[in-house]
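K.L.:
Mind looking over this structure? Questions follow.
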Amino acid sequence: MIGAALGALMSFWRARPLQLFTLLAGLALATALWSGVQAINAEARASYAAASATLGGDSLERIVDRAGGTLAQADYIALRRGGWLVSPVVEGRLNGVRLAGIDPLTAPQGPTEAGAGDLWGFIGGRGQIIGRADTLRNLPQEGPELVEQHSMAPGLAIADIGQAQRLLGLEGRISYLVVLPGQPLRQVPLAEIAPGLELTAARPATDLARLTDSFHLNLTAFGLLAFAVGIFIVHGAVGLAFEQRRALVRTLRALGLPLGALIGLLAGELLVLSLLAGGMGVALGYLIAAALLPDVAATLRGLYGADLTGQLQIRPVWWLSGLGMAVGGAALASAGALWRLARLPFLAGGQRRAWALAGQRALRRQFALAIGLLGLAAILALRGSGLLAGFGLLAALMLGAALLLPVVLGWLLRGCERLASAPVAQWFWADSRQQLPGLSLALMALMLAMAANTGVSTMVSSFRLTFAGFLDQRLMAELYVDAATPAEADRVRDYVTPRVDAVLPLMAAQTMLAGGPGELRGMVDHASFRDNWQFLAALPDAWDRLHSGRGVMVSEQLARRADLWLGDVLGVEGTALPVVAVVGDYGNPVGQAIVTASLFASLHPEAPPHRLALRLPPGEVPGLVDALVRDLGISRDRLTDQAALKAYSMGVFERTFAVTGALNLLTLAVAGFAMLMSLLTLAALRLPQLAPVWALGLTRARLGRLELLRAVLLAGLVTLLAVPLGLALAWVLLAVVNVEAFGWRLPMHLFPADYAWLAGLALVAAALAAWWPARRLARTRPADLLRVFANER
Amino acid sequence: MLLAVTDLHKSFPGADAPVRVLRGVSLQLEAGQTMALTGESGSGKSTLLHLIGGLDRPDAGQIVLDGLHVETLSDRGRAALRRDRVGVVFQQFNLIPSHSVGANIAFQARLAGRHDADWCAALARRLGLEAHLAAYPEQLSGGQQQRVAIARTLAARPALVLADEPTGNLDETTAEAVLDAMLSLVTETGAALLVVTHSAQVAGRMQRRAVLRGGVIA
Ligand SMILES: Nc1ncnc2c1ncn2[C@@H]1O[C@H](COP(=O)(O)OP(=O)(O)OP(=O)(O)O)[C@@H](O)[C@H]1O
Ligand SMILES: [Mg+2]
């Protein structure tokens, strides 16, 4: 019985290979979208992490061998005796893995903080090596116990310093010493203890990690939206397959198949199909992501587990999340269909019920719900606080707008109908309105896709503009020198002064600001700053006030945290200064206050400038770099070439852009697919609506053209509504969610050309989706149209 | 002569061999004449009507309507024929579901460029539809729907009205009333009428009768 029933259900697909293909392709596309976003997210994270490492560098000073060799254990002991709070690190490569040996008792961030937890296991007995599973795979299994820790950086493993020294063959040697924060005031100078060693300054903390986190959060939000779009399409595809088999289901039940078995069969079928489609989708998603990322090597490292044979392997977690999306989405989408099936009256007459044609009452309920959700969104926008409220606002806004869409489209189409005067035009609008219930799911998917696209374009482009401006202002000098010592700084300054246009010392010190840790910066008066810096808010004569010592500039984070704005007074180490400007400081978690150089020098005489910004014609930068290395023995990694740095940072954005473009296309493809499914579903129901008009004197070809036009027009209307929604979405993310999560607000810019391009794409997607059904309609045999009027119905 | 059908052939693809439905039908109708077409179920009455109305193409033979060779017309030409010269009333599902009764009545006349609001209003009154002009087809009874279809056909003042069992779905009294209204209005507008029917009573009220049997007019 069950076997026969299964055969009957399956024969449905055998008879309709094309529909089976569309269902699988739809599910696969939705999954591809989801896993593609995941992949892109991972790529963005990896890129920014790399950028952060390059730009931000390590936040602690180190003591290293001047000649580039290792340090002796004796140096370490001597330094500790001399009052230096340092922690030893040994580093080396073992089977291609970067193995770092640390002393967990003195290290600033021990393995316990990294999450391993077991200090005694780490140092005692056999010892442990902590790393990611793919990293550990390359290490010898017979040595210390291998402990998996997913949060570790790829390719890095840590062990106790003794173990690492032994494994690396560096017994008694140290690669460098980390200088811990909070050094005692009195300590024996480094040069006296070990003249061969030098202190490398901490890189200035233009910490990109926070910027990365923010970008990542936003991309994640869009990933969820993509998921929602995916659910819509799966819903359409599954609903269609169920609806078409309604009669078959009724027959099977009439033949005595229990309802439970029937639902089990259908659910099982769905599971198999969604797993199949999910697998294809994951592969497709990664193929697309990998093909689009210029830096394929980085992509592969980011996306796939490292494999010694060089073969690509998709990580299990990606597989699982992709398959979960497909199966979960299909389950969610089919729950309603299965429910309706379970309650299907046993012998409901031959009366055809259009599943998609929701009643007037349902529409009214939907309208009320939409208004309620949008009201909730408004309340959250005005009154809400916290990250949760931000995401709640986002969800309420999107869902409310989606539910409102059919109602608003109904109004618009009614308006068009009133304005039309020709009979065919009037019929066209009235008929379009009649299609709305059947198309609304697909149109909602299209709107969400378009809104997501508009939002993501706005967000990424705003990020780029802001970030480029920020780089321009923070990296306005052509070359930066991080001197190891004040003495070296003086030597550099003397050396370069005749060779460059300007030497601008940069001063910074840790301090307390408005009751929290912060950074105080000293700034010299120079046109470079005056011309390049942009303020979020500033008094008209902000620079003059600053440099006359009568004002302070604060970063946005500090301003928001301490609730400071122009004219408010901030206490800077005992001096009360009015805020004259607020500057954007994207990515820096620490609040910043900027005072004039002389004031800084008087407050922090112990912190002379280590860092020099040099202004010179860009073409002369390479020559000066060579000269500094040759004549002063400055190591190259202490010299930062602004152009290269900017190029690198912007390159990261360009990569993200390529990916966003692909994301846009993919989302629209999915939405277009949802539309195709709906149109195919409606095609059978459409004949009774079209046959009378045909009989009254419209050709089939014309009806086909009108179908195509309708799809494009509806897509156009949806796009018109989606763009403002997308902008609202971007605003919520940039101005609400971001502020709640990171304490700073990303300025939002508008990009009309981008939106026009997206709208064009949406129209093309709609036209492509409608093309096939329209062509089929244009070729319908007259006999099929005539059957509408025949007796046997 | 308004309509001259000569040696018309039409077959449909069947399970093994083609089903030859019409095998040389010939038929003539003068302007303003009324004719009943009867025959067994499956004899090809509807098929013949469809061919005459330019809704489908014959395999062979001629259909001259108002001097026009229907069998040679393109898709577009046949659409124009349906719009401008003939009016068809089917057994059911005649109406445009997205249009109100009023809009349905006016539709074909407007398509043909012969819309006359007074005439439409008169038709609605004569067919007892005045109270329902704003209603939608789904809100009407079967008899009301058929009356709307008749009003719509006559609103366009076609030269030939084709009706395929227009009262087949209606009860006897309603059928009688609908038929009365149709006949008197057809006579008034000077149109010719070809009506397919199973009912001897309906057939009896037409000026001429033809019986389709074995693929030919008996
Ligand atoms: N599109 C078609 N494809 C195949 N066969 C068809 C088609 N249309 C009609 N036929 C066949 O042609 C024959 C004539 O059909 P038609 O509908 O013209 O009969 P009818 O005289 O109108 O019958 P009824 O009185 O039942 O309406 C029937 O055998 C029918 O099965
Ligand atoms: Mg018939």
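Within each chain, counting starts at residue 1; across the structure tokens, chains are named A, B, ... in the order shown, with ligands numbered 1 upward in that order.
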Give as JSON, numbers by chain every residue of chain B that touches chain A within 10 Å, counting only C-alpha atoms.
P.N.:
{"B": [12, 46, 47, 50, 53, 54, 55, 56, 57, 74, 75, 76, 77, 78, 79, 80, 81, 82, 83, 84, 86, 87, 88, 89, 90, 91, 92, 93, 94, 95, 96, 97, 98, 99, 100, 103, 104, 106, 107, 108, 109, 110, 111, 112, 113, 152, 153, 164, 165, 168, 169]}
K.L.:
Could you please extract the residues within 7 Å of ligand 1, counting only C-alpha atoms and all ligand atoms, and hand them back as a list in words?
P.N.:
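Selection of residues at most 7 Å from ligand 1: Ala783, Asp784 and Asn791 of chain A; Phe12, Pro13, Gly14, Val19, Val21, Gly39, Glu40, Ser41, Gly42, Ser43, Gly44, Lys45, Ser46, Thr47 and Leu48 of chain B.
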K.L.:
I need the chosen residues saved as a short mmCIF file (atom, residue, chain, number, x, y, z; two decimals), in the first residue's frame, with C-alpha atoms.
P.N.:
data_model
loop_
_atom_site.label_atom_id
_atom_site.label_comp_id
_atom_site.auth_asym_id
_atom_site.auth_seq_id
_atom_site.Cartn_x
_atom_site.Cartn_y
_atom_site.Cartn_z
CA ALA A 783 -8.99 24.13 -27.91
CA ASP A 784 -7.62 24.58 -24.37
CA ASN A 791 -20.00 21.63 -20.57
CA PHE B 12 -8.99 16.02 -33.46
CA PRO B 13 -6.06 13.88 -32.44
CA GLY B 14 -7.43 10.70 -30.85
CA VAL B 19 -11.28 11.58 -34.50
CA VAL B 21 -15.67 15.15 -36.12
CA GLY B 39 -27.51 16.64 -32.68
CA GLU B 40 -26.28 14.02 -30.29
CA SER B 41 -23.72 14.78 -27.67
CA GLY B 42 -20.30 14.60 -29.26
CA SER B 43 -21.63 15.06 -32.76
CA GLY B 44 -19.56 18.21 -33.28
CA LYS B 45 -22.04 21.06 -32.74
CA SER B 46 -19.72 23.08 -30.55
CA THR B 47 -16.83 22.40 -32.89
CA LEU B 48 -18.79 23.78 -35.84
#
K.L.:
Neighbours of Ala627 in chain A within 12 Å (only C-alpha atoms; same-chain residues fewer than 3 positions away dropped), as a PyMOL selection string?
P.N.:
chain A and resi 492+495-496+499+620-624+630-636+639
K.L.:
Just write the chosen residues, all heavy atoms, as a short mmCIF file (atom, residue, chain, number, x, y, z; two decimals), in the first residue's frame.
P.N.:
data_model
loop_
_atom_site.label_atom_id
_atom_site.label_comp_id
_atom_site.auth_asym_id
_atom_site.auth_seq_id
_atom_site.Cartn_x
_atom_site.Cartn_y
_atom_site.Cartn_z
N VAL A 492 65.75 60.95 13.67
CA VAL A 492 64.96 60.96 12.44
C VAL A 492 64.54 62.38 12.11
O VAL A 492 64.64 62.84 10.97
CB VAL A 492 63.72 60.04 12.57
CG1 VAL A 492 62.79 60.22 11.38
CG2 VAL A 492 64.16 58.59 12.70
N TYR A 495 67.28 64.34 10.74
CA TYR A 495 67.68 63.85 9.41
C TYR A 495 66.70 64.32 8.34
O TYR A 495 67.10 64.76 7.27
CB TYR A 495 67.74 62.32 9.44
CG TYR A 495 68.17 61.71 8.14
CD1 TYR A 495 69.52 61.60 7.82
CD2 TYR A 495 67.23 61.22 7.23
CE1 TYR A 495 69.92 61.03 6.62
CE2 TYR A 495 67.61 60.66 6.03
CZ TYR A 495 68.97 60.56 5.73
OH TYR A 495 69.35 60.00 4.55
N VAL A 496 65.39 64.20 8.63
CA VAL A 496 64.42 64.44 7.57
C VAL A 496 64.06 65.91 7.42
O VAL A 496 63.58 66.31 6.35
CB VAL A 496 63.13 63.61 7.77
CG1 VAL A 496 63.43 62.14 7.75
CG2 VAL A 496 62.40 64.04 9.04
N ARG A 499 64.81 67.54 4.35
CA ARG A 499 64.44 66.75 3.16
C ARG A 499 62.94 66.72 2.87
O ARG A 499 62.54 66.26 1.82
CB ARG A 499 64.91 65.31 3.34
CG ARG A 499 66.43 65.15 3.33
CD ARG A 499 66.82 63.71 3.64
NE ARG A 499 68.22 63.45 3.38
CZ ARG A 499 69.18 63.72 4.24
NH1 ARG A 499 68.90 64.27 5.41
NH2 ARG A 499 70.44 63.46 3.93
N GLU A 620 58.58 61.15 -3.82
CA GLU A 620 59.87 61.05 -3.12
C GLU A 620 59.85 60.08 -1.97
O GLU A 620 60.85 59.89 -1.30
CB GLU A 620 60.28 62.45 -2.62
CG GLU A 620 60.55 63.41 -3.77
CD GLU A 620 60.82 64.83 -3.27
OE1 GLU A 620 61.04 65.00 -2.06
OE2 GLU A 620 60.81 65.75 -4.11
N VAL A 621 58.67 59.48 -1.72
CA VAL A 621 58.56 58.59 -0.56
C VAL A 621 59.52 57.40 -0.66
O VAL A 621 60.28 57.14 0.28
CB VAL A 621 57.10 58.12 -0.36
CG1 VAL A 621 57.02 57.01 0.69
CG2 VAL A 621 56.24 59.29 0.06
N PRO A 622 59.55 56.68 -1.79
CA PRO A 622 60.44 55.50 -1.83
C PRO A 622 61.89 55.87 -1.57
O PRO A 622 62.60 55.16 -0.84
CB PRO A 622 60.24 54.97 -3.25
CG PRO A 622 58.92 55.50 -3.69
CD PRO A 622 58.77 56.83 -3.03
N GLY A 623 62.33 57.01 -2.14
CA GLY A 623 63.72 57.43 -1.94
C GLY A 623 64.01 57.70 -0.48
O GLY A 623 65.04 57.28 0.05
N LEU A 624 63.08 58.37 0.19
CA LEU A 624 63.30 58.71 1.59
C LEU A 624 63.32 57.45 2.45
O LEU A 624 64.13 57.34 3.39
CB LEU A 624 62.20 59.67 2.07
CG LEU A 624 62.40 60.18 3.50
CD1 LEU A 624 63.69 60.99 3.62
CD2 LEU A 624 61.21 61.00 3.96
N ARG A 630 69.00 53.13 5.04
CA ARG A 630 70.43 53.08 4.77
C ARG A 630 71.21 53.94 5.78
O ARG A 630 72.13 53.47 6.42
CB ARG A 630 70.69 53.57 3.35
CG ARG A 630 72.10 53.37 2.83
CD ARG A 630 72.23 53.98 1.44
NE ARG A 630 71.91 55.39 1.46
CZ ARG A 630 70.99 55.98 0.68
NH1 ARG A 630 70.30 55.25 -0.16
NH2 ARG A 630 70.74 57.27 0.77
N ASP A 631 70.77 55.20 5.94
CA ASP A 631 71.58 56.13 6.71
C ASP A 631 71.34 56.04 8.21
O ASP A 631 72.25 56.27 9.01
CB ASP A 631 71.30 57.56 6.25
CG ASP A 631 71.69 57.75 4.79
OD1 ASP A 631 72.42 56.88 4.27
OD2 ASP A 631 71.26 58.74 4.18
N LEU A 632 70.10 55.74 8.62
CA LEU A 632 69.82 55.72 10.05
C LEU A 632 69.60 54.32 10.60
O LEU A 632 69.46 54.14 11.80
CB LEU A 632 68.59 56.58 10.37
CG LEU A 632 68.72 58.08 10.10
CD1 LEU A 632 67.46 58.79 10.58
CD2 LEU A 632 69.94 58.67 10.80
N GLY A 633 69.56 53.34 9.75
CA GLY A 633 69.37 51.97 10.21
C GLY A 633 67.98 51.71 10.77
O GLY A 633 67.77 50.83 11.60
N ILE A 634 67.01 52.51 10.32
CA ILE A 634 65.62 52.26 10.76
C ILE A 634 65.11 51.02 10.03
O ILE A 634 65.31 50.88 8.83
CB ILE A 634 64.73 53.45 10.37
CG1 ILE A 634 65.32 54.76 10.84
CG2 ILE A 634 63.30 53.24 10.85
CD1 ILE A 634 65.01 55.11 12.25
N SER A 635 64.44 50.15 10.77
CA SER A 635 63.94 48.96 10.06
C SER A 635 62.67 49.33 9.29
O SER A 635 61.90 50.18 9.70
CB SER A 635 63.69 47.82 11.04
OG SER A 635 62.54 48.09 11.79
N ARG A 636 62.50 48.63 8.16
CA ARG A 636 61.43 49.01 7.24
C ARG A 636 60.04 48.91 7.86
O ARG A 636 59.14 49.65 7.49
CB ARG A 636 61.48 48.11 5.99
CG ARG A 636 62.27 48.73 4.87
CD ARG A 636 62.33 47.85 3.66
NE ARG A 636 63.50 48.21 2.86
CZ ARG A 636 63.48 49.19 1.96
NH1 ARG A 636 62.37 49.85 1.74
NH2 ARG A 636 64.57 49.47 1.29
N LEU A 639 58.37 51.99 9.10
CA LEU A 639 58.01 53.05 8.14
C LEU A 639 56.71 52.66 7.46
O LEU A 639 56.57 51.56 6.94
CB LEU A 639 59.12 53.19 7.09
CG LEU A 639 60.49 53.52 7.68
CD1 LEU A 639 61.56 53.42 6.61
CD2 LEU A 639 60.47 54.92 8.29
#
K.L.:
With only C-alpha atoms as the counted atoms, please give the residues lying no more than 9 Å from Arg561 in chain A, apart from itself and same-chain residues fewer than 4 positions off, as a list in words.
P.N.:
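My list of contacting residues is Ala514, Glu556, Gln557, Gly591 and Gly743 of chain A.
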K.L.:
Applying 12 Å and only C-alpha atoms, which residues near Ala218 in chain B remain after dropping the ones on its own chain fewer than 4 positions away? List them as a list in words.
P.N.:
Arg23, Gly24, Val25, Ser26, Leu27, Leu37, Thr38, Gly39, Ser43, Arg209, Ala210, Val211, Leu212, Arg213 and Gly214 of chain B
K.L.:
Among the residues of range 17-205 of chain B, find those DSSP assigns to helix (DSSP H, G or I) from the backbone and print them as a ChimeraX atom specification.
P.N.:
/B:45-52,70-72,75-84,101-111,117-126,130-132,137-139,142-155,172-189,200-204
K.L.:
To one decimal place in Å, what is the distance between CA of Glu243 in chain A and CA of Leu436 in chain A?
P.N.:
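Interatomic distance here is 18.3 Å.
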K.L.:
Any idea what's packed within 12 Å of Gly384 in chain A, counting only C-alpha atoms, ignoring anything in its chain fewer than 6 positions away? Could you give it as a PyMOL selection string?
P.N.:
chain A and resi 376-378+390-394+732+736-737+740
K.L.:
For Arg611 in chain A, which residue out of A:Asp482, A:Asp563, A:Glu269, A:Glu148 is the nearest one, using only C-alpha atoms?
P.N.:
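Checking each candidate against Arg611 in chain A, we get A:Asp482 as the closest.
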K.L.:
Nearest to Ala728 in chain A: which of A:Met748, A:Met476, A:Leu566, A:Ala159 is it, counting only C-alpha atoms?
P.N.:
A:Met748
K.L.:
Find the distance between CA of Val37 in chain A and CA of Thr660 in chain A and write it in Å to one decimal.
P.N.:
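According to the coordinates, CA of Val37 in chain A and CA of Thr660 in chain A are separated by 9.1 Å.
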